[in-house]
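Participant: If you scroll down you'll find the structure; I have some questions about it.
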Amino acid sequence: MAKRVGMEVAIAVAEAVGMCNVDVAAVYPITPQSHIAEHLSDIVADGRTDTEYVTVESEHSAISVVIGASGTGARTYTATSSQGLMLMHEILPIVSAMRLPICMAVANRAVSGPLNILNDHSDIMPQRDAGWIVMFTENGQEAIDLSIQSFKIAEDPEVMLPVAVNIDGFQLTHMVEPVEFPDQKAVSRFIPARKPYAMLHPDTPVTMGAFAMSDIYHEMMMVKDEVLKNSKKTILKVWDEWAKTFGRRYKPVETYRADDAEVLLVTMGSMGETAEVAIDELRKKKVSVGLVKIRLWRPFPFDEFRHVVRKAKLLIVTDRAVSFGGPGGPVHAEIKAALYHDKHRPAVHDYIIGLGGRDVRVSDFVTMVERAIKDRRKSAVKDYEFYGVRE
Amino acid sequence: MKKAKKWPEAWHEVNVGAMVFEPCSAREYHTGSWRARRPVWDNTRCIRCGLCYIYCPEGCVSQNALGYFEADLNYCKGCGICAHECWPTAIAMVEEA
Ligand code: SF4
Ligand code: SF4
């Protein structure tokens, strides 16, 4: 078994990416992702990986550089956060349409304004429909594992799609956690060199990213949807292989003490671990409650989600972003849509929590659960509310 | 080498990433069908300066054996830039029938 080390998660992510034989990386530093950019450039400068590290003047350039590089058949990596991701936004749907397997870390941070550097999910949510595979991590080990897996998933010939690995800014990126690195040889075996479908090369002329009008655009969007949905099969296959090789199993939807629970709390990202402690406390008070953690946000694991909540009477969803003027949080909207056709659908209560880095403690999760249960008894389940907002 | 497919295809037949493997296949796209007006040359006024050839954004103007210019109507979009730039006014834009 590999040795456990204490390491800051952002540094650990850079170390993991350094093990992946990346050909070209273009990472523009932005808080709280900067330690990934800095440490990866250290790894390259120290000659520990044969990677071309392109210094760029913006995130728009970073993603554009890796598009070009990926088109030549290179394995590519970038990372960003918040405003940087918003600046990349214009390019993101192009990456997926061109079927370029770019891997990216998003150190989740609240978007401006007002300017705020702390954690929530308001940066990734506006990218929801860009056609990327989007995953969330809960701790440092997952950030390492998913960063490595993302190359195998993205480059699989059945997928050929970009992957965004979400790592909560500060809450995760800046934590020093006990992590273990897989053996370099095993990683190299797990992700052999990329075999590109096509390459920009003078000997094999190809046009990538050509103009397409109404006579073909519509079909292309259907392809994008189908390919993304279909990628779940490969994701499951890769997670299975990961479990067999490295011993840690990943699932699109994970649960904690959920099997017999009448009430299920739903989280996505690093708050899952805090919520687990709250579940333990509530269980001690004989509350029939469990936890559901969404790992895979796109493609959304509808079947897996329905399966884990099939016996629940109340779902308490937590959202780290707001769809302003809409249904509350985006996770809440997704879950309601997923359950619409079910005859015995549970009541769903959405709490918007932890915006702009607002701390959410174990006691907060306990309060949320107890209050939602009380509301349900009074048949006063609210669509959504901003938990803990000062009134 | 991947084979170029007939285009446009059904959604499941679209090339991966809508890549195009056949060089110069844009030639098959006859943009001339967009045209509402066509350029008509009056060679008695033409001084063969070649400005129409230079300015045509479509690149569809070429010089013939006599040194005069003409548009390939398969691609001419009828934008009228050639007529606008031709200072001896040798080109007229005429409504398509
Ligand atoms: S711009 Fe006018 S004058 Fe010059 S070559 Fe063209 S048609 Fe002739
Ligand atoms: S009308 Fe426009 S497209 Fe046609 S020949 Fe003149 S400049 Fe070219």
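Chain lettering (A, B, ...) mirrors the order of the structure tokens, residue numbering begins at 1 for each chain separately, and ligand numbering begins at 1 in order of display.
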What residues have any atom no more than 9 Å from ligand 1 when counting only C-alpha atoms and all ligand atoms, and can you list them as a PyMOL selection string?
Facilitator: chain B and resi 41-43+45-55+61+63+67-70+82-91
Participant: Check every residue of chain A for an atom within 6 Å of chain B, counting only C-alpha atoms, and provide those that qualify as a PyMOL selection string.
Facilitator: chain A and resi 97-99+206-208+219
Participant: For Tyr28 of chain A, please output as a VMD selection string all residues within 12 Å (counting only C-alpha atoms; exclusion window: fewer than 3 positions along the same chain).
Facilitator: chain A and resid 25 31 to 38 40 to 41 53 to 66 77 to 81 83 to 85 87 to 88 104 to 106
Participant: Write out the residues from the selection above, keeping N, CA and C atoms, as a tab-separated table (two decimals), in the first residue's frame.
Facilitator:
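Writing done, so here's again.tsv:
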```
chain	number	residue	atom	x	y	z
A	25	ALA	N	0.08	21.88	-20.92
A	25	ALA	CA	-0.77	22.47	-19.88
A	25	ALA	C	-0.71	23.99	-20.04
A	31	THR	N	-7.03	32.75	-7.63
A	31	THR	CA	-7.43	32.26	-6.32
A	31	THR	C	-8.79	31.58	-6.43
A	32	PRO	N	-8.98	30.43	-5.83
A	32	PRO	CA	-8.10	29.59	-5.01
A	32	PRO	C	-7.46	28.43	-5.79
A	33	GLN	N	-7.34	28.60	-7.10
A	33	GLN	CA	-6.73	27.54	-7.91
A	33	GLN	C	-5.21	27.72	-8.01
A	34	SER	N	-4.71	28.92	-7.65
A	34	SER	CA	-3.32	29.29	-7.96
A	34	SER	C	-2.28	28.26	-7.57
A	35	HIS	N	-2.49	27.56	-6.46
A	35	HIS	CA	-1.46	26.59	-6.06
A	35	HIS	C	-1.36	25.44	-7.04
A	36	ILE	N	-2.43	25.16	-7.76
A	36	ILE	CA	-2.35	24.13	-8.81
A	36	ILE	C	-1.45	24.66	-9.93
A	37	ALA	N	-1.72	25.90	-10.36
A	37	ALA	CA	-0.92	26.52	-11.44
A	37	ALA	C	0.54	26.59	-11.04
A	38	GLU	N	0.80	27.06	-9.82
A	38	GLU	CA	2.18	27.25	-9.38
A	38	GLU	C	2.92	25.93	-9.23
A	40	LEU	N	2.20	22.96	-10.45
A	40	LEU	CA	2.38	22.22	-11.70
A	40	LEU	C	3.53	22.81	-12.50
A	41	SER	N	3.65	24.14	-12.48
A	41	SER	CA	4.76	24.75	-13.22
A	41	SER	C	6.10	24.39	-12.55
A	53	TYR	N	4.52	23.68	-20.68
A	53	TYR	CA	3.66	24.53	-19.85
A	53	TYR	C	3.59	25.91	-20.51
A	54	VAL	N	2.46	26.22	-21.10
A	54	VAL	CA	2.35	27.48	-21.84
A	54	VAL	C	1.83	28.56	-20.91
A	55	THR	N	2.62	29.63	-20.76
A	55	THR	CA	2.15	30.73	-19.94
A	55	THR	C	1.28	31.64	-20.81
A	56	VAL	N	0.10	31.92	-20.35
A	56	VAL	CA	-0.88	32.65	-21.15
A	56	VAL	C	-1.29	33.92	-20.41
A	57	GLU	N	-2.02	34.80	-21.09
A	57	GLU	CA	-2.37	36.06	-20.48
A	57	GLU	C	-3.80	36.07	-19.92
A	58	SER	N	-4.53	34.98	-20.10
A	58	SER	CA	-5.88	34.94	-19.53
A	58	SER	C	-6.39	33.50	-19.57
A	59	GLU	N	-7.53	33.28	-18.92
A	59	GLU	CA	-8.15	31.96	-18.96
A	59	GLU	C	-8.73	31.67	-20.34
A	60	HIS	N	-9.19	32.73	-21.00
A	60	HIS	CA	-9.70	32.55	-22.36
A	60	HIS	C	-8.59	31.99	-23.24
A	61	SER	N	-7.38	32.50	-23.04
A	61	SER	CA	-6.23	31.99	-23.79
A	61	SER	C	-5.85	30.60	-23.33
A	62	ALA	N	-5.93	30.35	-22.03
A	62	ALA	CA	-5.54	29.03	-21.50
A	62	ALA	C	-6.38	27.93	-22.16
A	63	ILE	N	-7.69	28.14	-22.17
A	63	ILE	CA	-8.54	27.09	-22.75
A	63	ILE	C	-8.34	27.03	-24.26
A	64	SER	N	-8.06	28.17	-24.89
A	64	SER	CA	-7.85	28.17	-26.34
A	64	SER	C	-6.54	27.46	-26.69
A	65	VAL	N	-5.52	27.65	-25.88
A	65	VAL	CA	-4.24	26.97	-26.13
A	65	VAL	C	-4.43	25.45	-26.04
A	66	VAL	N	-5.15	25.01	-25.02
A	66	VAL	CA	-5.30	23.56	-24.89
A	66	VAL	C	-6.22	22.99	-25.97
A	77	TYR	N	-4.19	19.79	-20.20
A	77	TYR	CA	-4.74	20.07	-18.87
A	77	TYR	C	-4.81	21.58	-18.64
A	78	THR	N	-5.87	21.98	-17.97
A	78	THR	CA	-5.95	23.35	-17.49
A	78	THR	C	-6.72	23.34	-16.16
A	79	ALA	N	-6.73	24.47	-15.50
A	79	ALA	CA	-7.45	24.57	-14.24
A	79	ALA	C	-7.83	26.03	-14.04
A	80	THR	N	-8.95	26.24	-13.38
A	80	THR	CA	-9.37	27.62	-13.17
A	80	THR	C	-10.35	27.72	-12.01
A	81	SER	N	-11.03	28.85	-11.93
A	81	SER	CA	-11.96	29.11	-10.85
A	81	SER	C	-12.77	30.36	-11.19
A	83	GLN	N	-14.19	33.72	-11.80
A	83	GLN	CA	-14.16	34.65	-12.95
A	83	GLN	C	-13.37	34.05	-14.12
A	84	GLY	N	-12.37	33.26	-13.79
A	84	GLY	CA	-11.58	32.62	-14.84
A	84	GLY	C	-12.43	31.65	-15.64
A	85	LEU	N	-13.28	30.92	-14.93
A	85	LEU	CA	-14.16	29.98	-15.61
A	85	LEU	C	-15.20	30.75	-16.43
A	87	LEU	N	-14.70	33.54	-17.83
A	87	LEU	CA	-14.01	34.03	-19.03
A	87	LEU	C	-13.83	32.90	-20.05
A	88	MET	N	-13.68	31.68	-19.54
A	88	MET	CA	-13.57	30.52	-20.44
A	88	MET	C	-14.91	30.15	-21.07
A	104	MET	N	-9.80	19.45	-16.83
A	104	MET	CA	-9.72	20.74	-16.13
A	104	MET	C	-10.14	20.57	-14.68
A	105	ALA	N	-9.41	21.25	-13.80
A	105	ALA	CA	-9.85	21.32	-12.41
A	105	ALA	C	-10.53	22.67	-12.22
A	106	VAL	N	-11.64	22.67	-11.49
A	106	VAL	CA	-12.29	23.92	-11.11
A	106	VAL	C	-12.24	24.02	-9.60
```
Participant: Identify, with DSSP run on backbone atoms, the residues in segment 117-206 of chain A assigned to strand (DSSP E), and express the list as a ChimeraX atom specification.
Facilitator: /A:133-136,163-168,176-180
Participant: Take atom CA of Ala193 of chain A and atom CA of Gly68 of chain A and report the distance between them in Å, one decimal.
Facilitator: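 Answer for the atom CA of Ala193 of chain A to atom CA of Gly68 of chain A separation: 18.0 Å.
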Participant: Using atom CA of Gly80 of chain B and atom CA of Ala92 of chain B as the two end points, give the distance in Å to one decimal.
Facilitator: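 Atom CA of Ala92 of chain B lies at a distance of 8.5 Å from atom CA of Gly80 of chain B.
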Participant: Please report the interatomic distance between atom CA of Ala110 of chain A and atom CA of Gln171 of chain A in Å with one decimal.
Facilitator: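 That distance, rounded to one decimal, is 12.6 Å.
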Participant: Which residues sit within 7 Å of ligand 2, counting only C-alpha atoms and all ligand atoms, listed as a list in words?
Facilitator: Arg38, Pro39, Cys52, Tyr55, Cys56, Pro57, Glu58, Gly59, Cys60, Val61, Ala71, Tyr75, Cys76, Lys77, Gly78, Cys79, Gly80, Ile81, Cys82 and Ala83 of chain B
Participant: Could you list, as number ranges by chain, every residue within 12 Å of Val9 of chain A, counting only C-alpha atoms and ignoring same-chain residues fewer than 2 positions away?
Facilitator: A: 5-7, 11-16, 32-36, 39, 105, 107, 137-145, 147, 167-181
Participant: Output N, CA and C atoms for every residue in that selection, as a tab-separated table (two decimals), in the first residue's frame.
Facilitator:
```tsv
chain	number	residue	atom	x	y	z
A	5	VAL	N	0.59	10.66	3.03
A	5	VAL	CA	1.33	11.88	3.33
A	5	VAL	C	0.33	12.99	3.63
A	6	GLY	N	0.77	13.97	4.40
A	6	GLY	CA	-0.06	15.14	4.64
A	6	GLY	C	0.28	16.18	3.59
A	7	MET	N	-0.70	16.65	2.86
A	7	MET	CA	-0.40	17.58	1.78
A	7	MET	C	-1.60	18.49	1.53
A	11	ILE	N	-1.94	21.31	-4.02
A	11	ILE	CA	-0.60	20.78	-4.35
A	11	ILE	C	-0.72	19.32	-4.77
A	12	ALA	N	-1.55	18.60	-4.03
A	12	ALA	CA	-1.74	17.17	-4.34
A	12	ALA	C	-2.34	16.98	-5.73
A	13	VAL	N	-3.26	17.88	-6.10
A	13	VAL	CA	-3.87	17.78	-7.43
A	13	VAL	C	-2.79	18.00	-8.50
A	14	ALA	N	-1.94	19.01	-8.29
A	14	ALA	CA	-0.85	19.26	-9.24
A	14	ALA	C	0.07	18.06	-9.33
A	15	GLU	N	0.38	17.46	-8.15
A	15	GLU	CA	1.23	16.26	-8.14
A	15	GLU	C	0.58	15.14	-8.94
A	16	ALA	N	-0.73	14.96	-8.75
A	16	ALA	CA	-1.44	13.89	-9.46
A	16	ALA	C	-1.39	14.13	-10.97
A	32	PRO	N	-8.98	30.43	-5.83
A	32	PRO	CA	-8.10	29.59	-5.01
A	32	PRO	C	-7.46	28.43	-5.79
A	33	GLN	N	-7.34	28.60	-7.10
A	33	GLN	CA	-6.73	27.54	-7.91
A	33	GLN	C	-5.21	27.72	-8.01
A	34	SER	N	-4.71	28.92	-7.65
A	34	SER	CA	-3.32	29.29	-7.96
A	34	SER	C	-2.28	28.26	-7.57
A	35	HIS	N	-2.49	27.56	-6.46
A	35	HIS	CA	-1.46	26.59	-6.06
A	35	HIS	C	-1.36	25.44	-7.04
A	36	ILE	N	-2.43	25.16	-7.76
A	36	ILE	CA	-2.35	24.13	-8.81
A	36	ILE	C	-1.45	24.66	-9.93
A	39	HIS	N	2.26	25.00	-8.56
A	39	HIS	CA	2.97	23.76	-8.28
A	39	HIS	C	3.17	22.92	-9.53
A	105	ALA	N	-9.41	21.25	-13.80
A	105	ALA	CA	-9.85	21.32	-12.41
A	105	ALA	C	-10.53	22.67	-12.22
A	107	ALA	N	-11.48	25.00	-9.10
A	107	ALA	CA	-11.42	25.24	-7.67
A	107	ALA	C	-12.60	26.17	-7.36
A	137	THR	N	-15.82	16.55	-6.07
A	137	THR	CA	-15.01	15.79	-5.12
A	137	THR	C	-15.34	16.25	-3.71
A	138	GLU	N	-15.06	15.35	-2.77
A	138	GLU	CA	-15.44	15.63	-1.40
A	138	GLU	C	-14.22	15.82	-0.49
A	139	ASN	N	-13.09	15.24	-0.88
A	139	ASN	CA	-11.88	15.36	-0.06
A	139	ASN	C	-10.65	15.27	-0.96
A	140	GLY	N	-9.49	15.41	-0.34
A	140	GLY	CA	-8.25	15.45	-1.09
A	140	GLY	C	-7.97	14.19	-1.88
A	141	GLN	N	-8.27	13.05	-1.28
A	141	GLN	CA	-8.01	11.79	-1.96
A	141	GLN	C	-8.84	11.69	-3.24
A	142	GLU	N	-10.10	12.11	-3.12
A	142	GLU	CA	-10.97	12.07	-4.30
A	142	GLU	C	-10.45	13.02	-5.38
A	143	ALA	N	-9.92	14.17	-4.93
A	143	ALA	CA	-9.40	15.15	-5.91
A	143	ALA	C	-8.23	14.54	-6.68
A	144	ILE	N	-7.38	13.80	-5.99
A	144	ILE	CA	-6.26	13.12	-6.66
A	144	ILE	C	-6.80	12.06	-7.62
A	145	ASP	N	-7.67	11.22	-7.10
A	145	ASP	CA	-8.15	10.08	-7.89
A	145	ASP	C	-8.92	10.54	-9.13
A	147	SER	N	-8.78	13.40	-10.63
A	147	SER	CA	-7.92	14.10	-11.58
A	147	SER	C	-7.24	13.10	-12.50
A	167	ILE	N	-13.41	21.01	-7.28
A	167	ILE	CA	-12.77	20.88	-5.97
A	167	ILE	C	-13.09	22.17	-5.23
A	168	ASP	N	-13.86	22.09	-4.17
A	168	ASP	CA	-14.30	23.30	-3.47
A	168	ASP	C	-13.11	24.17	-3.07
A	169	GLY	N	-13.17	25.43	-3.47
A	169	GLY	CA	-12.08	26.36	-3.19
A	169	GLY	C	-11.90	26.56	-1.69
A	170	PHE	N	-10.68	26.63	-1.22
A	170	PHE	CA	-10.30	26.78	0.18
A	170	PHE	C	-10.74	25.58	1.02
A	171	GLN	N	-12.07	25.35	1.11
A	171	GLN	CA	-12.55	24.22	1.93
A	171	GLN	C	-11.79	22.95	1.58
A	172	LEU	N	-11.48	22.79	0.29
A	172	LEU	CA	-10.68	21.64	-0.12
A	172	LEU	C	-9.29	22.05	-0.59
A	173	THR	N	-9.24	23.00	-1.52
A	173	THR	CA	-7.94	23.30	-2.15
A	173	THR	C	-6.86	23.66	-1.14
A	174	HIS	N	-7.25	24.35	-0.08
A	174	HIS	CA	-6.24	24.84	0.86
A	174	HIS	C	-6.15	24.02	2.15
A	175	MET	N	-6.83	22.88	2.20
A	175	MET	CA	-6.75	22.01	3.36
A	175	MET	C	-5.52	21.12	3.25
A	176	VAL	N	-4.86	20.91	4.36
A	176	VAL	CA	-3.82	19.88	4.38
A	176	VAL	C	-4.50	18.60	4.84
A	177	GLU	N	-4.47	17.61	3.99
A	177	GLU	CA	-5.19	16.37	4.29
A	177	GLU	C	-4.26	15.18	4.15
A	178	PRO	N	-4.60	14.08	4.82
A	178	PRO	CA	-3.82	12.86	4.59
A	178	PRO	C	-4.25	12.25	3.26
A	179	VAL	N	-3.30	12.09	2.35
A	179	VAL	CA	-3.63	11.52	1.04
A	179	VAL	C	-2.57	10.47	0.69
A	180	GLU	N	-2.95	9.57	-0.22
A	180	GLU	CA	-1.93	8.65	-0.72
A	180	GLU	C	-1.92	8.70	-2.23
A	181	PHE	N	-0.71	8.66	-2.77
A	181	PHE	CA	-0.57	8.70	-4.22
A	181	PHE	C	-0.42	7.29	-4.75
```
Participant: Counting only C-alpha atoms, what is within 8 Å of segment 319-324 of chain A, bar same-chain residues fewer than 2 positions away, as a VMD selection string?
Facilitator: chain A and resid 120 to 122 125 267 to 268 317 326 to 332 350 to 355
Participant: Take the residues from that selection and write them out as a CSV table (one decimal), in the first residue's frame, keeping N, CA, C and O atoms.
Facilitator:
```
chain,number,residue,atom,x,y,z
A,120,ASP,N,-18.3,28.6,-3.3
A,120,ASP,CA,-19.6,28.1,-3.5
A,120,ASP,C,-19.6,27.5,-4.9
A,120,ASP,O,-18.5,27.4,-5.5
A,121,HIS,N,-20.8,27.2,-5.5
A,121,HIS,CA,-20.8,26.6,-6.8
A,121,HIS,C,-21.3,27.5,-7.9
A,121,HIS,O,-21.7,27.0,-9.0
A,122,SER,N,-21.3,28.8,-7.6
A,122,SER,CA,-21.9,29.7,-8.6
A,122,SER,C,-21.0,29.8,-9.9
A,122,SER,O,-21.4,30.4,-10.8
A,125,MET,N,-22.0,26.3,-12.1
A,125,MET,CA,-23.4,26.1,-12.5
A,125,MET,C,-23.7,26.8,-13.8
A,125,MET,O,-24.4,26.2,-14.6
A,267,THR,N,-26.3,16.4,-0.8
A,267,THR,CA,-25.2,17.4,-0.9
A,267,THR,C,-24.4,17.1,-2.2
A,267,THR,O,-24.5,16.0,-2.7
A,268,MET,N,-23.6,18.0,-2.5
A,268,MET,CA,-22.7,17.8,-3.7
A,268,MET,C,-21.4,18.6,-3.3
A,268,MET,O,-21.4,19.8,-3.0
A,317,VAL,N,-32.7,19.0,-0.1
A,317,VAL,CA,-31.6,19.2,-1.0
A,317,VAL,C,-30.9,20.5,-0.6
A,317,VAL,O,-31.5,21.4,-0.1
A,326,GLY,N,-35.7,31.8,-10.4
A,326,GLY,CA,-36.1,30.5,-10.9
A,326,GLY,C,-36.5,29.6,-9.8
A,326,GLY,O,-37.1,30.0,-8.8
A,327,PRO,N,-36.2,28.3,-9.8
A,327,PRO,CA,-36.6,27.3,-8.9
A,327,PRO,C,-35.8,27.2,-7.6
A,327,PRO,O,-35.8,26.2,-7.0
A,328,GLY,N,-35.0,28.2,-7.3
A,328,GLY,CA,-34.1,28.1,-6.1
A,328,GLY,C,-32.7,27.7,-6.6
A,328,GLY,O,-32.1,28.5,-7.3
A,329,GLY,N,-32.3,26.5,-6.2
A,329,GLY,CA,-30.9,26.1,-6.7
A,329,GLY,C,-31.0,25.1,-7.8
A,329,GLY,O,-32.0,24.4,-8.0
A,330,PRO,N,-30.0,25.0,-8.6
A,330,PRO,CA,-30.0,24.1,-9.8
A,330,PRO,C,-30.0,22.7,-9.5
A,330,PRO,O,-30.6,21.9,-10.2
A,331,VAL,N,-29.5,22.2,-8.3
A,331,VAL,CA,-29.5,20.8,-8.0
A,331,VAL,C,-31.0,20.4,-7.6
A,331,VAL,O,-31.5,19.4,-8.1
A,332,HIS,N,-31.7,21.4,-6.9
A,332,HIS,CA,-33.1,21.2,-6.6
A,332,HIS,C,-33.9,21.0,-7.9
A,332,HIS,O,-34.7,20.1,-8.0
A,350,ASP,N,-35.7,22.6,-0.6
A,350,ASP,CA,-34.4,23.1,-1.0
A,350,ASP,C,-33.8,24.1,-0.1
A,350,ASP,O,-34.5,25.1,0.2
A,351,TYR,N,-32.6,23.9,0.4
A,351,TYR,CA,-31.9,24.9,1.2
A,351,TYR,C,-30.8,25.5,0.4
A,351,TYR,O,-29.9,24.7,0.0
A,352,ILE,N,-30.7,26.8,0.2
A,352,ILE,CA,-29.5,27.4,-0.4
A,352,ILE,C,-28.6,27.7,0.7
A,352,ILE,O,-28.9,28.4,1.7
A,353,ILE,N,-27.4,27.1,0.7
A,353,ILE,CA,-26.5,27.2,1.8
A,353,ILE,C,-25.1,27.7,1.3
A,353,ILE,O,-24.7,27.4,0.2
A,354,GLY,N,-24.3,28.2,2.3
A,354,GLY,CA,-22.9,28.4,2.1
A,354,GLY,C,-22.5,29.3,0.9
A,354,GLY,O,-21.5,29.0,0.3
A,355,LEU,N,-23.3,30.3,0.6
A,355,LEU,CA,-22.9,31.2,-0.5
A,355,LEU,C,-21.7,32.0,-0.2
A,355,LEU,O,-21.6,32.5,1.0
```
Participant: Quick one: residues within 10 Å of Asn116 of chain A, only C-alpha atoms counted, chain neighbours fewer than 4 positions away excluded, as a list of chain:residue names?
Facilitator: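 These residues fall inside the cut-off: A:Ser82, A:Arg109, A:Ala110, A:Val111, A:Ser112, A:Leu355, A:Gly356, A:Gly357.
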Participant: Which of these residues is nearest to Arg295 of chain A, using only C-alpha atoms: A:Glu334, A:Pro252, A:Ser379, A:Ala275?
Facilitator: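 Going through A:Glu334, A:Pro252, A:Ser379, A:Ala275 one by one, the smallest distance to Arg295 of chain A is for A:Pro252.
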Participant: Which residues in chain B does DSSP call helix (DSSP H, G or I)? List them as a ChimeraX atom specification.
Facilitator: /B:11-13,16-18,25-28,31-34,51-55,81-85
Participant: I'd like the contact shell of Lys152 of chain A - 8 Å cut-off, only C-alpha atoms, skipping same-chain residues fewer than 2 positions apart - returned as a list in words.
Facilitator: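 My reading of the contact set: Ile148, Gln149, Ser150, Ala154, Glu155, Asp156, Phe190, Ile191 and Val238 of chain A.
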